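S.K.: The structure is given below, and queries will be raised subsequently.
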Amino acid sequence: MTSYKEKLNKITTFIFDIDGVLTNGDIMIINGEMARTLNSRDAYALQYASKNEYRILIITGGQSEDVKNRLLEVGVTEVCLSSFNKLNVYNKLKEKYHFTDEEALYMGDDIPDYEVMKQVGVASCPQDACIEIKHISHYQSPYNGGRHCVRDVIEQTLRVQNKWFGETAFEW
C-alpha cells in the first residue's frame, strides 16, 4: 500500500473547503454580515504554493465574495462559491484545468466533502473534522481547521517535492 507521503509526489493541485478548513468553522455576525477569520500562516502557504506553480482551488458552499476576493489576492487559482454538489464542481474543475485524481489533494472537514475526498489522490482533513471524514482521509493534520492545517499539508507536499523554502520563500 502506498503511503500518503509517496502520494504527495504526484500532487500538482490543492483543493480546499473554507469553513472548518481555512477557518475554524465559527461564523461571526457583525452588523448583519457574516465574518470569518483566515490564518496568516495558511495564507502564506497558499501564496507560496501559487508562486511555485501549484494550482489552488476552493470548493465551498459559502457565498462570501469578500472571502473569495481575499483568497484570489493570495494566489488561489479559482474559488467556486455556492458549491452544493462538490463532486460535480470538482469534475468540472478537472476538465477545465486538465489534472487527474492522483494529482489532486483535497482537504475537507465535513459530510459535503466526502464524495470528492473518496475520488482524489490524497484526501486530508483537519484534526477536528467529523468522524466520517477522518475515516476516509489518507492524512489527518494535527492542527484544527483555521489553525495551520492548510499550511501543514502544503508544506509537507512541497517538502516531499523539494520545493519548500526555496527562492520565493521570502516574497510575501
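Chain lettering (A, B, ...) mirrors the order of the C-alpha cells, residue numbering begins at 1 for each chain separately, and ligand numbering begins at 1 in order of display.
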When you look at region 45-55 of chain A with a cut-off of 6 Å (counting only C-alpha atoms), what residues show up, excluding the ones that are within fewer than 4 positions of it in the same chain? I need them as a list in words.
M.R.: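 Once the nearby chain positions are removed, what remains is Thr12, Thr13, Val74, Gly75 and Arg151 of chain A.
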S.K.: Quick one: pick out all strand (DSSP E) residues within chain A from a backbone DSSP run and write them as a PyMOL selection string.
M.R.: chain A and resi 13-16+28-30+33-35+55-59+78-80+104-107+122-125+139-140
S.K.: Counting only C-alpha atoms, what is within 9 Å of Ile133 (chain A), bar same-chain residues fewer than 6 positions away, as a PyMOL selection string?
M.R.: chain A and resi 108-111+113-114+117+123-125
S.K.: Atoms to include: C-alpha atoms. Write the selected residues as an mmCIF file, in the first residue's frame.
M.R.:
```
data_model
loop_
_atom_site.group_PDB
_atom_site.id
_atom_site.type_symbol
_atom_site.label_atom_id
_atom_site.label_comp_id
_atom_site.auth_asym_id
_atom_site.auth_seq_id
_atom_site.Cartn_x
_atom_site.Cartn_y
_atom_site.Cartn_z
ATOM 1 C CA GLY A 108 -12.260 18.862 3.850
ATOM 2 C CA ASP A 109 -13.843 18.580 7.258
ATOM 3 C CA ASP A 110 -17.474 17.525 6.910
ATOM 4 C CA ILE A 111 -20.015 15.418 5.016
ATOM 5 C CA ASP A 113 -16.616 16.994 1.232
ATOM 6 C CA TYR A 114 -16.974 13.199 1.433
ATOM 7 C CA MET A 117 -12.381 13.049 -0.894
ATOM 8 C CA ALA A 123 -7.692 13.059 0.995
ATOM 9 C CA SER A 124 -6.769 15.075 4.074
ATOM 10 C CA CYS A 125 -8.572 16.721 6.943
#
```
S.K.: Just want the 8 Å neighbourhood of Gly145 (chain A), counted on only C-alpha atoms, with same-chain residues fewer than 4 positions away dropped. Output as a PDB file with C-alpha atoms, in the first residue's frame.
M.R.:
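Final file, around21.pdb:
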```
ATOM      1  CA  ASP A  19     -15.456  26.727   6.630  1.00  0.00           C
ATOM      2  CA  GLY A  20     -13.776  24.320   9.032  1.00  0.00           C
ATOM      3  CA  VAL A  21     -10.580  24.090   6.938  1.00  0.00           C
ATOM      4  CA  LEU A  22      -9.343  27.587   6.070  1.00  0.00           C
ATOM      5  CA  THR A  23     -11.388  28.853   9.027  1.00  0.00           C
ATOM      6  CA  ASN A  24     -12.152  27.314  12.385  1.00  0.00           C
ATOM      7  CA  GLY A  25     -15.785  26.963  11.347  1.00  0.00           C
ATOM      8  CA  ASP A 109     -13.843  18.580   7.258  1.00  0.00           C
ATOM      9  CA  PRO A 126      -8.030  18.939   9.979  1.00  0.00           C
ATOM     10  CA  GLN A 127      -7.786  17.286  13.387  1.00  0.00           C
ATOM     11  CA  ASP A 128     -11.297  18.439  14.303  1.00  0.00           C
ATOM     12  CA  ALA A 129     -13.020  17.038  11.187  1.00  0.00           C
ATOM     13  CA  CYS A 149      -3.846  22.656   8.817  1.00  0.00           C
TER      14      CYS A 149
END
```
S.K.: As a ChimeraX atom specification, please: all residues of region 5-159 of chain A that backbone DSSP puts in helix (DSSP H, G or I).
M.R.: /A:5-10,18-22,40-51,65-73,86-97,101-103,111-119,131-136,149-159
